[in-house]
Structure formats: structure tokens, C-alpha cells
$ cat query04.cif   # mmCIF, C-alpha atoms
data_model
loop_
_atom_site.group_PDB
_atom_site.id
_atom_site.type_symbol
_atom_site.label_atom_id
_atom_site.label_comp_id
_atom_site.auth_asym_id
_atom_site.auth_seq_id
_atom_site.Cartn_x
_atom_site.Cartn_y
_atom_site.Cartn_z
ATOM 1 C CA MET J 1 -129.028 83.025 -91.550
ATOM 2 C CA SER J 2 -125.742 84.883 -91.238
ATOM 3 C CA LYS J 3 -124.341 88.016 -92.784
ATOM 4 C CA ARG J 4 -122.922 85.867 -95.567
ATOM 5 C CA HIS J 5 -125.512 83.089 -95.863
ATOM 6 C CA LYS J 6 -129.140 84.040 -95.438
ATOM 7 C CA LYS J 7 -132.633 83.592 -96.798
ATOM 8 C CA LYS J 8 -134.078 86.843 -98.104
ATOM 9 C CA PRO J 9 -137.544 88.109 -98.883
ATOM 10 C CA ALA J 10 -138.030 88.929 -102.537
ATOM 11 C CA PRO J 11 -137.682 92.641 -103.301
ATOM 12 C CA SER J 12 -140.827 94.714 -102.802
ATOM 13 C CA LYS J 13 -141.945 97.330 -105.299
ATOM 14 C CA ALA J 14 -139.511 99.805 -103.779
ATOM 15 C CA THR J 15 -136.242 98.697 -105.381
ATOM 16 C CA ALA J 16 -134.734 101.816 -106.867
ATOM 17 C CA THR J 17 -131.870 102.077 -104.403
ATOM 18 C CA ARG J 18 -128.679 100.294 -105.364
ATOM 19 C CA GLU J 19 -129.338 97.312 -103.117
ATOM 20 C CA ARG J 20 -131.964 95.045 -104.664
ATOM 21 C CA VAL J 21 -132.833 93.035 -101.571
ATOM 22 C CA PRO J 22 -133.303 93.871 -97.887
ATOM 23 C CA SER J 23 -130.256 93.808 -95.656
ATOM 24 C CA VAL J 24 -129.702 90.867 -93.329
ATOM 25 C CA LEU J 25 -130.778 93.112 -90.437
ATOM 26 C CA THR J 26 -134.226 93.619 -91.936
ATOM 27 C CA VAL J 27 -134.566 89.900 -92.674
ATOM 28 C CA PHE J 28 -133.516 89.167 -89.090
ATOM 29 C CA ARG J 29 -136.099 91.608 -87.723
ATOM 30 C CA PHE J 30 -138.925 89.930 -89.580
ATOM 31 C CA SER J 31 -137.744 86.508 -88.423
ATOM 32 C CA VAL J 32 -138.185 87.617 -84.787
ATOM 33 C CA LEU J 33 -140.919 90.230 -85.174
ATOM 34 C CA ASP J 34 -143.773 88.063 -83.927
ATOM 35 C CA ASP J 35 -145.010 84.489 -83.985
ATOM 36 C CA GLN J 36 -146.866 84.958 -87.254
ATOM 37 C CA SER J 37 -143.774 86.205 -89.093
ATOM 38 C CA ARG J 38 -141.696 83.435 -87.577
ATOM 39 C CA GLU J 39 -144.193 80.830 -88.730
ATOM 40 C CA MET J 40 -144.109 82.216 -92.264
ATOM 41 C CA VAL J 41 -140.320 81.929 -92.405
ATOM 42 C CA GLU J 42 -140.554 78.378 -91.135
ATOM 43 C CA GLN J 43 -143.271 77.509 -93.644
ATOM 44 C CA ALA J 44 -141.095 78.798 -96.462
ATOM 45 C CA ALA J 45 -138.262 76.574 -95.285
ATOM 46 C CA SER J 46 -140.598 73.597 -95.042
ATOM 47 C CA THR J 47 -141.233 73.658 -98.798
ATOM 48 C CA ALA J 48 -137.726 72.265 -99.177
ATOM 49 C CA ALA J 49 -138.031 70.017 -96.130
ATOM 50 C CA PRO J 50 -137.112 66.661 -97.763
ATOM 51 C CA MET J 51 -133.867 68.077 -99.109
ATOM 52 C CA LEU J 52 -133.113 70.046 -95.950
ATOM 53 C CA TRP J 53 -133.739 67.024 -93.766
ATOM 54 C CA LEU J 54 -130.817 65.242 -95.393
ATOM 55 C CA ARG J 55 -128.599 68.116 -94.272
ATOM 56 C CA ASP J 56 -130.228 69.125 -90.987
ATOM 57 C CA GLY J 57 -131.983 65.995 -89.734
ATOM 58 C CA LYS J 58 -129.200 64.784 -87.466
ATOM 59 C CA PHE J 59 -129.006 68.194 -85.794
ATOM 60 C CA VAL J 60 -132.767 68.329 -85.320
ATOM 61 C CA GLU J 61 -132.610 64.989 -83.539
ATOM 62 C CA GLN J 62 -129.737 66.174 -81.350
ATOM 63 C CA ILE J 63 -131.690 69.297 -80.380
ATOM 64 C CA ARG J 64 -134.803 67.285 -79.570
ATOM 65 C CA ALA J 65 -132.749 64.843 -77.522
ATOM 66 C CA ALA J 66 -130.929 67.510 -75.483
ATOM 67 C CA GLN J 67 -131.677 66.975 -71.792
ATOM 68 C CA THR J 68 -130.633 70.275 -70.202
ATOM 69 C CA PRO J 69 -130.808 73.978 -71.101
ATOM 70 C CA ALA J 70 -127.020 74.033 -71.401
ATOM 71 C CA GLN J 71 -127.094 71.159 -73.889
ATOM 72 C CA VAL J 72 -129.703 72.969 -75.992
ATOM 73 C CA LEU J 73 -127.643 76.173 -76.086
ATOM 74 C CA ASP J 74 -124.508 74.235 -76.947
ATOM 75 C CA LEU J 75 -126.176 73.279 -80.236
ATOM 76 C CA ALA J 76 -126.697 76.886 -81.399
ATOM 77 C CA ALA J 77 -123.881 76.631 -83.956
ATOM 78 C CA GLN J 78 -125.643 73.689 -85.631
ATOM 79 C CA ALA J 79 -129.032 75.434 -85.778
ATOM 80 C CA HIS J 80 -129.353 75.996 -89.527
ATOM 81 C CA GLY J 81 -132.445 75.491 -91.677
ATOM 82 C CA LEU J 82 -134.829 73.014 -90.101
ATOM 83 C CA ALA J 83 -132.538 72.749 -87.103
ATOM 84 C CA GLU J 84 -132.910 76.484 -86.431
ATOM 85 C CA SER J 85 -136.673 76.119 -85.995
ATOM 86 C CA ALA J 86 -136.226 73.111 -83.729
ATOM 87 C CA TRP J 87 -133.599 74.909 -81.658
ATOM 88 C CA MET J 88 -135.678 78.050 -81.216
ATOM 89 C CA ALA J 89 -138.712 76.000 -80.210
ATOM 90 C CA ARG J 90 -136.693 74.276 -77.481
ATOM 91 C CA VAL J 91 -135.192 77.522 -76.219
ATOM 92 C CA ARG J 92 -138.588 79.208 -76.021
ATOM 93 C CA GLN J 93 -139.896 76.296 -73.970
ATOM 94 C CA LEU J 94 -137.162 77.074 -71.436
ATOM 95 C CA SER J 95 -138.504 80.642 -71.038
ATOM 96 C CA LEU J 96 -136.762 83.043 -68.614
ATOM 97 C CA ALA J 97 -134.773 80.280 -66.944
ATOM 98 C CA VAL J 98 -132.384 80.256 -69.879
ATOM 99 C CA VAL J 99 -131.508 83.984 -69.858
ATOM 100 C CA PRO J 100 -128.462 83.737 -67.531
ATOM 101 C CA LEU J 101 -127.090 80.880 -69.639
ATOM 102 C CA ILE J 102 -127.577 82.884 -72.826
ATOM 103 C CA ALA J 103 -125.674 85.758 -71.241
ATOM 104 C CA GLU J 104 -122.801 83.396 -70.453
ATOM 105 C CA ARG J 105 -122.777 82.024 -73.992
ATOM 106 C CA LEU J 106 -122.832 85.494 -75.519
ATOM 107 C CA ARG J 107 -119.821 86.565 -73.494
ATOM 108 C CA ALA J 108 -117.979 83.352 -74.318
ATOM 109 C CA SER J 109 -118.763 83.589 -78.049
ATOM 110 C CA ARG J 110 -115.828 85.923 -78.594
ATOM 111 C CA ASP J 111 -113.566 82.877 -78.178
ATOM 112 C CA ILE J 112 -115.153 80.962 -81.090
ATOM 113 C CA PRO J 113 -112.373 80.995 -83.715
ATOM 114 C CA ASP J 114 -114.484 80.381 -86.823
ATOM 115 C CA GLU J 115 -116.214 83.592 -87.908
ATOM 116 C CA ASP J 116 -119.210 81.871 -89.512
ATOM 117 C CA ALA J 117 -119.817 79.746 -86.431
ATOM 118 C CA ARG J 118 -119.428 82.796 -84.176
ATOM 119 C CA ASP J 119 -121.958 84.749 -86.242
ATOM 120 C CA THR J 120 -124.431 81.864 -86.150
ATOM 121 C CA VAL J 121 -124.162 81.397 -82.394
ATOM 122 C CA ARG J 122 -124.633 85.094 -81.734
ATOM 123 C CA GLU J 123 -127.561 85.352 -84.143
ATOM 124 C CA ARG J 124 -129.338 82.455 -82.446
ATOM 125 C CA LEU J 125 -128.682 83.687 -78.906
ATOM 126 C CA ILE J 126 -129.726 87.269 -79.659
ATOM 127 C CA ALA J 127 -132.856 86.036 -81.442
ATOM 128 C CA ALA J 128 -133.700 83.862 -78.440
ATOM 129 C CA LEU J 129 -133.576 86.907 -76.159
ATOM 130 C CA ARG J 130 -136.342 88.479 -78.244
ATOM 131 C CA TRP J 131 -138.852 86.330 -76.362
ATOM 132 C CA THR J 132 -137.569 86.964 -72.833
ATOM 133 C CA GLY J 133 -138.839 90.494 -72.117
ATOM 134 C CA LEU J 134 -137.044 92.835 -69.735
ATOM 135 C CA PRO J 135 -134.468 90.254 -68.563
ATOM 136 C CA GLY J 136 -133.489 89.718 -72.194
ATOM 137 C CA ALA J 137 -133.150 93.449 -72.797
ATOM 138 C CA LYS J 138 -130.976 93.815 -69.701
ATOM 139 C CA THR J 139 -128.746 90.981 -70.911
ATOM 140 C CA LEU J 140 -128.310 92.585 -74.331
ATOM 141 C CA ARG J 141 -127.385 95.940 -72.812
ATOM 142 C CA GLU J 142 -124.852 94.336 -70.521
ATOM 143 C CA CYS J 143 -123.288 92.237 -73.301
ATOM 144 C CA PHE J 144 -123.443 94.908 -75.997
ATOM 145 C CA ALA J 145 -119.914 96.286 -75.655
ATOM 146 C CA GLY J 146 -118.408 92.804 -75.981
ATOM 147 C CA LEU J 147 -120.128 92.054 -79.299
ATOM 148 C CA ASP J 148 -118.778 92.818 -82.748
ATOM 149 C CA GLU J 149 -120.448 95.494 -84.856
ATOM 150 C CA TYR J 150 -122.629 93.050 -86.783
ATOM 151 C CA SER J 151 -123.954 91.429 -83.608
ATOM 152 C CA GLN J 152 -124.470 94.832 -82.012
ATOM 153 C CA SER J 153 -126.767 95.692 -84.907
ATOM 154 C CA LEU J 154 -128.776 92.509 -84.305
ATOM 155 C CA ALA J 155 -128.978 93.470 -80.634
ATOM 156 C CA CYS J 156 -130.377 96.891 -81.588
ATOM 157 C CA VAL J 157 -133.141 95.176 -83.556
ATOM 158 C CA VAL J 158 -134.158 93.035 -80.586
ATOM 159 C CA LEU J 159 -133.896 95.883 -78.082
ATOM 160 C CA GLY J 160 -136.275 97.874 -80.267
ATOM 161 C CA LEU J 161 -138.778 95.021 -80.471
ATOM 162 C CA LEU J 162 -138.555 94.647 -76.690
ATOM 163 C CA HIS J 163 -139.440 98.363 -76.365
ATOM 164 C CA ASP J 164 -136.378 98.946 -74.211
ATOM 165 C CA THR J 165 -136.383 102.740 -74.240
ATOM 166 C CA SER J 166 -133.283 102.887 -72.049
ATOM 167 C CA SER J 167 -131.336 101.535 -75.052
ATOM 168 C CA ALA J 168 -132.204 104.460 -77.329
ATOM 169 C CA GLY J 169 -128.982 106.321 -76.580
ATOM 170 C CA LEU J 170 -126.960 103.200 -77.270
ATOM 171 C CA MET J 171 -128.667 102.824 -80.667
ATOM 172 C CA TRP J 172 -128.124 106.481 -81.518
ATOM 173 C CA ASP J 173 -124.425 106.240 -80.702
ATOM 174 C CA TYR J 174 -124.188 103.122 -82.860
ATOM 175 C CA VAL J 175 -125.771 104.865 -85.873
ATOM 176 C CA GLN J 176 -123.398 107.802 -85.472
ATOM 177 C CA LYS J 177 -120.430 105.459 -85.438
ATOM 178 C CA MET J 178 -121.557 103.273 -88.333
ATOM 179 C CA GLN J 179 -123.261 105.606 -90.812
ATOM 180 C CA SER J 180 -120.019 106.383 -92.661
ATOM 181 C CA ARG J 181 -118.960 102.728 -92.888
ATOM 182 C CA PRO J 182 -119.435 100.823 -96.160
ATOM 183 C CA GLN J 183 -121.579 98.172 -94.472
ATOM 184 C CA SER J 184 -125.246 98.852 -93.816
ATOM 185 C CA TYR J 185 -125.181 97.548 -90.242
ATOM 186 C CA PHE J 186 -126.703 100.850 -89.096
ATOM 187 C CA VAL J 187 -130.011 99.554 -90.503
ATOM 188 C CA GLY J 188 -130.484 97.443 -87.364
ATOM 189 C CA ALA J 189 -130.169 100.488 -85.125
ATOM 190 C CA LEU J 190 -132.520 102.476 -87.372
ATOM 191 C CA TRP J 191 -135.140 99.768 -86.942
ATOM 192 C CA GLY J 192 -134.523 99.850 -83.204
ATOM 193 C CA LEU J 193 -135.014 103.614 -82.948
ATOM 194 C CA ILE J 194 -138.140 103.444 -85.112
ATOM 195 C CA ASP J 195 -139.633 100.651 -83.005
ATOM 196 C CA LEU J 196 -138.934 102.776 -79.936
ATOM 197 C CA LYS J 197 -140.601 105.751 -81.656
ATOM 198 C CA ASP J 198 -137.495 107.777 -80.871
ATOM 199 C CA GLU J 199 -137.386 111.094 -82.746
ATOM 200 C CA ARG J 200 -133.675 110.633 -83.400
ATOM 201 C CA ALA J 201 -134.614 108.079 -86.061
ATOM 202 C CA GLY J 202 -135.744 111.004 -88.211
ATOM 203 C CA GLN J 203 -132.489 112.838 -87.610
ATOM 204 C CA ALA J 204 -130.430 109.761 -88.485
ATOM 205 C CA LEU J 205 -132.361 109.249 -91.724
ATOM 206 C CA ALA J 206 -131.895 112.906 -92.688
ATOM 207 C CA GLU J 207 -128.158 112.619 -92.022
ATOM 208 C CA LEU J 208 -127.932 109.516 -94.215
ATOM 209 C CA LEU J 209 -129.743 111.381 -97.000
ATOM 210 C CA ASP J 210 -127.348 114.305 -96.673
ATOM 211 C CA ALA J 211 -124.408 111.899 -96.801
ATOM 212 C CA GLU J 212 -125.742 110.423 -100.069
ATOM 213 C CA ARG J 213 -126.084 106.967 -98.553
ATOM 214 C CA SER J 214 -128.147 104.548 -100.617
ATOM 215 C CA PHE J 215 -129.482 101.286 -99.224
ATOM 216 C CA TYR J 216 -132.542 99.147 -99.820
ATOM 217 C CA GLU J 217 -134.496 100.278 -96.769
ATOM 218 C CA LEU J 218 -133.842 104.013 -97.092
ATOM 219 C CA TYR J 219 -137.149 105.191 -98.550
ATOM 220 C CA GLY J 220 -139.278 102.662 -96.700
ATOM 221 C CA LEU J 221 -137.815 103.772 -93.375
ATOM 222 C CA LEU J 222 -138.256 107.413 -94.354
ATOM 223 C CA ALA J 223 -141.909 106.635 -95.037
ATOM 224 C CA LEU J 224 -142.161 105.260 -91.508
ATOM 225 C CA ALA J 225 -140.139 107.821 -89.593
ATOM 226 C CA GLY J 226 -138.846 110.656 -91.783
ATOM 227 C CA ASP J 227 -139.532 114.156 -90.483
ATOM 228 C CA ALA J 228 -139.172 117.767 -91.622
ATOM 229 C CA ARG J 229 -135.389 117.445 -91.748
ATOM 230 C CA ALA J 230 -135.743 114.993 -94.636
ATOM 231 C CA VAL J 231 -137.822 117.267 -96.868
ATOM 232 C CA GLY J 232 -134.950 119.249 -98.404
ATOM 233 C CA PRO J 233 -132.713 116.244 -99.157
ATOM 234 C CA LEU J 234 -135.684 114.286 -100.513
ATOM 235 C CA MET J 235 -136.603 117.092 -102.907
ATOM 236 C CA VAL J 236 -132.997 117.218 -104.119
ATOM 237 C CA ARG J 237 -133.126 113.495 -104.816
ATOM 238 C CA LEU J 238 -136.512 113.809 -106.489
ATOM 239 C CA LEU J 239 -135.086 116.266 -109.001
ATOM 240 C CA ARG J 240 -132.099 114.009 -109.635
ATOM 241 C CA GLU J 241 -133.685 110.549 -109.787
ATOM 242 C CA LYS J 242 -135.130 108.952 -112.897
ATOM 243 C CA ASP J 243 -137.826 106.399 -113.622
ATOM 244 C CA ASP J 244 -138.539 103.991 -110.726
ATOM 245 C CA GLY J 245 -136.165 105.839 -108.433
ATOM 246 C CA LYS J 246 -138.317 108.941 -108.726
ATOM 247 C CA VAL J 247 -141.371 106.944 -107.629
ATOM 248 C CA ASP J 248 -139.562 105.694 -104.515
ATOM 249 C CA VAL J 249 -138.665 109.240 -103.512
ATOM 250 C CA SER J 250 -142.128 110.622 -104.302
ATOM 251 C CA VAL J 251 -143.952 108.041 -102.208
ATOM 252 C CA ALA J 252 -141.538 108.514 -99.293
ATOM 253 C CA MET J 253 -141.957 112.271 -99.625
ATOM 254 C CA ALA J 254 -145.741 111.917 -99.509
ATOM 255 C CA ALA J 255 -145.503 109.873 -96.306
ATOM 256 C CA VAL J 256 -143.232 112.469 -94.690
ATOM 257 C CA ALA J 257 -145.450 115.320 -95.847
ATOM 258 C CA GLN J 258 -148.557 113.790 -94.338
ATOM 259 C CA ARG J 259 -146.742 113.115 -91.079
ATOM 260 C CA ILE J 260 -145.448 116.651 -90.567
ATOM 261 C CA GLY J 261 -148.487 118.475 -91.974
ATOM 262 C CA ARG J 262 -149.087 121.367 -94.387
ATOM 263 C CA PRO J 263 -147.537 124.322 -92.445
ATOM 264 C CA ALA J 264 -144.291 122.471 -91.709
ATOM 265 C CA LEU J 265 -144.049 121.154 -95.264
ATOM 266 C CA ILE J 266 -144.519 124.582 -96.836
ATOM 267 C CA ALA J 267 -142.012 126.050 -94.387
ATOM 268 C CA GLU J 268 -139.412 123.505 -95.529
ATOM 269 C CA PHE J 269 -140.186 124.247 -99.180
ATOM 270 C CA GLU J 270 -139.704 127.956 -98.531
ATOM 271 C CA LYS J 271 -136.241 127.308 -97.091
ATOM 272 C CA MET J 272 -135.056 125.782 -100.344
ATOM 273 C CA SER J 273 -137.078 127.734 -102.929
ATOM 274 C CA ASP J 274 -135.885 130.585 -105.118
ATOM 275 C CA ALA J 275 -137.081 134.044 -104.191
ATOM 276 C CA ASP J 276 -139.143 134.281 -107.367
ATOM 277 C CA VAL J 277 -141.185 131.153 -106.607
ATOM 278 C CA ASP J 278 -144.543 132.375 -105.373
ATOM 279 C CA ARG J 279 -146.301 130.915 -102.349
ATOM 280 C CA GLU J 280 -149.169 129.566 -104.446
ATOM 281 C CA THR J 281 -146.762 127.381 -106.399
ATOM 282 C CA LEU J 282 -145.332 126.076 -103.148
ATOM 283 C CA LYS J 283 -148.823 125.359 -101.863
ATOM 284 C CA ALA J 284 -149.715 123.479 -105.047
ATOM 285 C CA THR J 285 -146.560 121.360 -104.792
ATOM 286 C CA ALA J 286 -147.293 120.620 -101.148
ATOM 287 C CA GLU J 287 -150.861 119.674 -101.961
ATOM 288 C CA ARG J 288 -149.756 116.965 -104.398
ATOM 289 C CA PHE J 289 -147.862 115.229 -101.610
ATOM 290 C CA LEU J 290 -150.464 115.880 -98.935
ATOM 291 C CA THR J 291 -153.273 114.344 -100.980
ATOM 292 C CA TYR J 292 -151.360 111.261 -102.059
ATOM 293 C CA PRO J 293 -153.529 108.261 -101.049
ATOM 294 C CA VAL J 294 -152.448 106.737 -97.756
ATOM 295 C CA SER J 295 -153.449 103.284 -99.015
ATOM 296 C CA THR J 296 -151.076 103.672 -101.963
ATOM 297 C CA ILE J 297 -148.193 104.655 -99.679
ATOM 298 C CA GLN J 298 -148.780 101.650 -97.440
ATOM 299 C CA GLU J 299 -149.133 99.280 -100.372
ATOM 300 C CA TYR J 300 -145.975 100.563 -102.027
ATOM 301 C CA PHE J 301 -143.929 100.121 -98.848
ATOM 302 C CA GLU J 302 -145.928 97.136 -97.609
ATOM 303 C CA LEU J 303 -142.883 95.349 -96.178
ATOM 304 C CA TYR J 304 -142.485 98.236 -93.721
ATOM 305 C CA TYR J 305 -146.112 98.974 -92.916
ATOM 306 C CA ARG J 306 -147.590 95.480 -92.920
ATOM 307 C CA GLY J 307 -144.629 93.243 -92.226
ATOM 308 C CA LEU J 308 -143.799 89.947 -93.845
ATOM 309 C CA ARG J 309 -146.560 88.501 -95.988
ATOM 310 C CA SER J 310 -147.056 85.036 -97.417
ATOM 311 C CA ASP J 311 -146.043 86.124 -100.912
ATOM 312 C CA ALA J 312 -142.916 88.046 -99.816
ATOM 313 C CA LEU J 313 -140.543 85.102 -99.395
ATOM 314 C CA ASN J 314 -138.285 83.928 -102.176
ATOM 315 C CA VAL J 315 -137.904 80.189 -101.672
#
$ encode --input "query04.cif" --output "C-alpha cells"
Amino acid sequence: MSKRHKKKPAPSKATATRERVPSVLTVFRFSVLDDQSREMVEQAASTAAPMLWLRDGKFVEQIRAAQTPAQVLDLAAQAHGLAESAWMARVRQLSLAVVPLIAERLRASRDIPDEDARDTVRERLIAALRWTGLPGAKTLRECFAGLDEYSQSLACVVLGLLHDTSSAGLMWDYVQKMQSRPQSYFVGALWGLIDLKDERAGQALAELLDAERSFYELYGLLALAGDARAVGPLMVRLLREKDDGKVDVSVAMAAVAQRIGRPALIAEFEKMSDADVDRETLKATAERFLTYPVSTIQEYFELYYRGLRSDALNV
């Protein structure tokens, strides 16, 4: 998987934003979220195993035959398809002993001339650090400034999954820098802040709404972490959207409403309502969102609430 060549989950029900599939950062997160998600990705790849073996078999054998940690890491650029699973399995067997070597390889990766190969190496090394706890988080923080913006976004994903709260400021700064760029690399840092339960995730999402940004994960992430600051911009979008897009906004709005509660929701409505709109009308509008079934919200945005499922991969 790279930012140009990657395997993607099929779109969930929430597809009204302009992007029809999750960004590579979201796919990457689910590939390293936990062992169950990783196994599902590998199982999906195995359905094409005979064909993939013709392409990847020689690299799998090289990875299995590698004698030292350094030799295993040297094969990161070849770790595609079946070889990626074999490579990650070997690296995880090495455990914490491999962290200093990964740090060396990350720093040296800037000298790889081919952009695709550089992306692949960095993706594999950053993913490997997901399983190394605090030493891995420390390595990512120390190497962060030397990575390109795409790899920094991957690092934010892993730092979030490692619950490295000391990286929250780094993620926030990254979102601020990237939110006006045409790429959606900021999605990795949004995931990181959400996994850290950092309240600035809500602020970042509100700012992206205000800036009229549209990306696949927008409403799902708002359902997870949107706060009172998102209410006004969401209501503006609700009035503007049509058809399926209106459903996306409504379900996200219901999730936000139930998170912040009735008084805060009505207070936000009052800020944006005309003077002649009576309080009972505001209460009735709030009630529609507050009584929206939680099970329906979680089913609609199941990729965000429940993670990768067996029927979510497009293979």
C-alpha cells in the first residue's frame, strides 16, 4: 500500500462527500489497528494468493531466509502483497530489539531516490513501530521532522494508536499546517487526535467544516468526535445538501447532539436562529436529533465505530 497504489475497503453507506473511498490514511490505520483487522486484510489478500505468489513469492522466500534483523529490514521495499505479511510477521518476531534499527532506516530513507520505494519503506517501518509500544512512539517523535508530509501523517496514525499523549501538540500543529492543502493528509492526524481523545479533534473538524473541506471521512469523524463548535456549520450543510448527502449530515448531527446534550445543543441553535423562531421550535428540532437511535448512528458509520469487518474489503 502506498499513496498511489493501495488496497481500499469498499465504501460504507456514508458516501455523500466527494471522495467515494476512504483515504490511504484510514486504510493504513485499519491495517495496523489490531491483530484482528490485520488478519482480515491478510485474508483478503490471500483470496488472490496463487496469482500474487507469482509476483511476490521470491520476496517472501527472501524475507523468510533473512538471518539478521538488519537483513529483514533491508527487504522493506520489496514487502508488497504477500511479501508484506511475511515481512511484518518477521519484524514482529524481533520485538523491541529492532526499534533502534528501524530508527536508523527511517532517518536514512530520505536518501532513497525513487519516490515509490521511499514511500513503501517508510510505510512498512512506521507500521512496524505500531507494535513496539513506548519505544516506538519515542522513535516516531524523534524522526518526525525528517519525514515528508505523507509519512508524517502515517506517523500521527501510529502515535494515536500507541496512546502517546505527548504527541498531541505535534498532531495539532500538523493539522493546522495541512488543512488548507489539496491533499487529505490531515486525516491521519485527525485519527491520531481522536484516538488520543484530545478535544482539539473537535476544533479541527469544526475548522474543516467552516473551510468547506469535503473528504470521505468528514461525517464519520464528526460522529466520533464532533462537538458544539460543529453544530452551526453542520446545520448550514444540512440545509444545503440534497438526497444522500443530507442523510450523512443528519446522522453526524445526531451523534454530535447526543454527545453534547440538550442544553448545549439548544444553545447552539439559538446562536444561529432568527429572532422570530420560538424556543419550542428549537426544542422540537433538537429533540429529533437527540432521539435518533444510537444503533442506527453506529450502523451507518460502522467503519468508524466498529472498525474493519469481513464484508468491508473490496478484493
$ residues_around --input "query04.cif" --residues "Val72 of chain J" --least-positions-apart "6" --cutoff "12 Å" --atoms "only C-alpha atoms" --output "PyMOL selection string"
chain J and resi 59-66+78-79+83-84+86-94+98+101-102+105+121+124-125+128
$ closest_residue --input "query04.cif" --among "J:Ile266, J:Leu190, J:Leu205, J:Leu224" --to "Tyr174 of chain J" --atoms "all atoms listed in the file"
J:Leu190
$ axis_aligned_box --input "query04.cif" --around "segment 198-216 of chain J" --padding-each-side "6 Å" --output "AutoDock Vina command-line options"
--center_x -131.0 --center_y 106.7 --center_z -90.7 --size_x 25.1 --size_y 27.2 --size_z 31.7
$ residues_around --input "query04.cif" --residues "segment 136-140 of chain J" --least-positions-apart "2" --cutoff "7 Å" --atoms "only C-alpha atoms" --output "NGL selection string"
:J and (99 or 103 or 129-130 or 132-134 or 142-144 or 155 or 159 or 162 or 164)
$ closest_residue --input "query04.cif" --among "J:Gln258, J:Ser153, J:Ser250, J:Gln298" --to "Ala228 of chain J" --atoms "all atoms listed in the file"
J:Gln258
$ atom_distance --input "query04.cif" --atom1 "atom CA of Ala117 of chain J" --atom2 "atom CA of Asp74 of chain J"
11.9 Å
